[in-house]
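K.L.:
My questions will all concern the structure given below.
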Amino acid sequence: MTSPSARVAVLTIVAGRHDHLRGQVAGLARSRRLPDLHVVAAMGDDDITAGRVEGLTGPWRTEVVPVDVGELGLPLAQARNAAAARAEELGADLLVLLDVDCIPGPDLVGTYATHALGADRPPSPAIWCGDVAYLPPLGPGEELDLDRLSERGRHREDRVLLGPGETLREDDLRMFWSLSFAMTPQDFRAAGGFCADYVGYGGEDTDFAQAVAAAGGSLTWVGGATAYHQHHESTSPPVQHLEAVVRNAGVFHDRWGWWPMEGWLTAFEERGLAHVGAGGRWEVTR
């Protein structure tokens with residue numbers, strides 16, 4: 001059983017996307033178990049840091065952590081680490097990391113707490129991952145309807161979907177995704193946090209899972225911790241993140257000896273945007 005005094009922190013990183021963040025906060029307010037703390041790492045977002053954005057607070061402590069942004073892009077890895085460190089400083093027993101475009105279902109916080117803080121623990125450092133359902137785009141003038149999330153959300157067929165209370169150990173930690181997951185602060189630190197060498201889009205979550213595996217840790221899927229992904233425009237491959245993906249792929253290769261994001265790299269190559277150079281490394285085509 002989870003101690004009723006356990007403190008649960010929900011962490012999110014954000015740069016803009018204030019409407020998505022409002023959706024997340026609205027979902028948290030409908031949780032059967034409310035979080036004790038919501039830590040928002042604001043990456044170069046002065047409006048959030050200065051408290052100029054309405055609708056971002058609820059019946060819990062809200063903590064904003066400012067994170068500087070450099071020339072290479074958004075420091076996603078560094079921002080997650082900063083949020084985790086602040087949550088631990090404030091006494092959190094569990095970290096629930098949600099991307100800003102994810103709305104927690106009513107049982108997400110409580111389900112993560114029940115399993116991640118329960119007595120029957122898998123090998124540490126342990127990651128717990130719930131399922132994610134994707135919402136369609138809102139129509140003209142349409143507002144987000146929190147009562148219809150489960151009706152409208154669609155799950156990806158290539159992802160694990162379990163019933164409430166079910167768990168499944170995942171042997172291949174390359175399946176980890178950072179949209180929604182939970183860890184204790186101790187396990188997060190044991191994994192070394194996210195590698196801050198990754199800046200901009202791509203690779204930092206795959207790296208994190210490899211670090212967990214290298215430390216003898218585990219990934220467990222858990223049913224009932226559903227998050228709902230709010231629609232936003234995206235491209236595949238993500239050509240708008242070309243420079244960051246290629247750079248971060250090189251960081252990953254240096255650390256682990258193999259190339260991640262190969263589907264994207266190959267797609268870039270097919271479009272004449274990237275190639276394998278003389279040294280055997282992927283490069284942006286100039």
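Residue numbering restarts at 1 in every chain; chains get A, B, ... in the order shown in the structure tokens, and ligands count up from 1 in that same order.
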Tell me, counting only C-alpha atoms, for each residue of segment 75-159 of chain A within 6 Å of segment 18-29 of chain A, which pair of atoms is nearest and how far apart they are in Å to one decimal, in rows ordered by chain and increasing number, as a tab-separated table.
P.N.:
```
residue	atom	partner	partner_atom	distance
A:Val100	CA	A:Leu21	CA	5.5
A:Asp101	CA	A:His20	CA	5.0
A:Ile103	CA	A:Gln24	CA	4.3
A:Pro104	CA	A:Gly27	CA	5.5
```
K.L.:
Need the shell around Val10 of chain A: protein/DNA/RNA residues with any atom at most 6 Å away, counting only C-alpha atoms. Skip same-chain ones fewer than 3 positions apart. Format as a ChimeraX atom specification?
P.N.:
/A:38,96-97
K.L.:
Would you kindly return, as a ChimeraX atom specification, each protein, DNA or RNA residue with an atom no farther than 7 Å from any atom of segment 220-232 of chain A, considering only C-alpha atoms and excluding same-chain residues fewer than 2 positions away?
P.N.:
/A:20,101-105,107-108,111-112,127-137,149,153,161-170,218,234
K.L.:
With only C-alpha atoms as the counted atoms, please give the residues lying no more than 10 Å from Leu273 of chain A, apart from itself and same-chain residues fewer than 5 positions off, as a list of chain:residue names.
P.N.:
A:Val239, A:Leu242, A:Glu243, A:Leu265, A:Thr266, A:Ala267, A:Phe268, A:Glu283, A:Val284, A:Thr285, A:Arg286
K.L.:
Just give me the gap between atom CA of Glu88 of chain A and atom CA of Arg174 of chain A in Å, one decimal is fine.
P.N.:
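Result for atom CA of Glu88 of chain A versus atom CA of Arg174 of chain A: 26.6 Å, one decimal.
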K.L.:
Taking the DSSP assignment computed from this structure's backbone, write out as a PDB file with N, CA and C atoms, in the first residue's frame all residues of segment 97-126 of chain A that belong to strand (DSSP E or B).
P.N.:
```pdb
ATOM      1  N   LEU A  97       6.526  12.583 -14.634  1.00  0.00           N
ATOM      2  CA  LEU A  97       6.935  13.493 -15.700  1.00  0.00           C
ATOM      3  C   LEU A  97       5.946  13.397 -16.847  1.00  0.00           C
ATOM      4  N   LEU A  98       5.335  14.525 -17.183  1.00  0.00           N
ATOM      5  CA  LEU A  98       4.355  14.617 -18.256  1.00  0.00           C
ATOM      6  C   LEU A  98       4.784  15.694 -19.239  1.00  0.00           C
ATOM      7  N   CYS A 102       0.337  16.751 -22.675  1.00  0.00           N
ATOM      8  CA  CYS A 102      -0.373  15.600 -22.129  1.00  0.00           C
ATOM      9  C   CYS A 102      -1.308  16.011 -20.994  1.00  0.00           C
ATOM     10  N   ILE A 103      -2.570  15.593 -21.112  1.00  0.00           N
ATOM     11  CA  ILE A 103      -3.561  15.780 -20.054  1.00  0.00           C
ATOM     12  C   ILE A 103      -3.653  14.475 -19.271  1.00  0.00           C
ATOM     13  N   PRO A 104      -3.461  14.505 -17.971  1.00  0.00           N
ATOM     14  CA  PRO A 104      -3.574  13.264 -17.210  1.00  0.00           C
ATOM     15  C   PRO A 104      -5.020  12.812 -17.086  1.00  0.00           C
ATOM     16  N   ALA A 126      13.945   2.150 -11.397  1.00  0.00           N
ATOM     17  CA  ALA A 126      12.726   1.659 -12.036  1.00  0.00           C
ATOM     18  C   ALA A 126      11.956   2.795 -12.693  1.00  0.00           C
TER      19      ALA A 126
END
```
K.L.:
With DSSP run on the backbone, what are the alpha helix (DSSP H) residues within segment 152-215 of chain A? I'd like them as a ChimeraX atom specification.
P.N.:
/A:152,185-190,204-214
K.L.:
Rank A:Arg148, A:Ala119, A:Gly73, A:Gly250 by their smallest atom-to-atom distance to Tyr201 of chain A, using only C-alpha atoms, and report the top residue only.
P.N.:
A:Gly73
K.L.:
Between A:Val245, A:Ala9, A:Ala209, A:Val40, which one has atoms that come closest to Asp99 of chain A, using only C-alpha atoms?
P.N.:
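Closest to Asp99 of chain A, using only C-alpha atoms: A:Val40.
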K.L.:
For Leu90 of chain A, find every residue with an atom within 12 Å (counting only C-alpha atoms), except residues of its own chain fewer than 3 positions away, and show them as number ranges by chain.
P.N.:
A: 7-9, 36-39, 61-63, 83-87, 93-95, 185
K.L.:
Which residues are close to Leu74 of chain A, i.e. within 8 Å by only C-alpha atoms, leaving aside same-chain residues fewer than 3 positions away? Reply as an MDAnalysis selection string.
P.N.:
chainID A and resid 43 69:70 199:201
K.L.:
Okay, now the selection with N, CA and C atoms, as a compact mmCIF listing (two decimals), in the first residue's frame?
P.N.:
```
# COMPACT_ATOMS: atom_id res chain seq x y z
N MET A 43 11.35 27.00 -20.05
CA MET A 43 12.57 27.14 -20.86
C MET A 43 12.50 28.45 -21.65
N VAL A 69 17.84 29.35 -22.19
CA VAL A 69 17.91 28.72 -23.50
C VAL A 69 19.07 29.31 -24.27
N GLY A 70 19.94 28.44 -24.79
CA GLY A 70 21.09 28.89 -25.57
C GLY A 70 20.84 28.86 -27.06
N VAL A 199 20.82 18.78 -26.59
CA VAL A 199 20.14 20.08 -26.64
C VAL A 199 19.28 20.09 -27.89
N GLY A 200 18.04 20.53 -27.73
CA GLY A 200 17.12 20.47 -28.85
C GLY A 200 16.46 19.10 -28.93
N TYR A 201 15.75 18.88 -30.01
CA TYR A 201 14.86 17.73 -30.15
C TYR A 201 15.62 16.45 -30.50
```
K.L.:
Between atom CA of Thr49 of chain A and atom CA of Glu143 of chain A, what distance in Å does the model show, to one decimal?
P.N.:
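Computing the Euclidean distance for atom CA of Thr49 of chain A and atom CA of Glu143 of chain A yields 26.1 Å.
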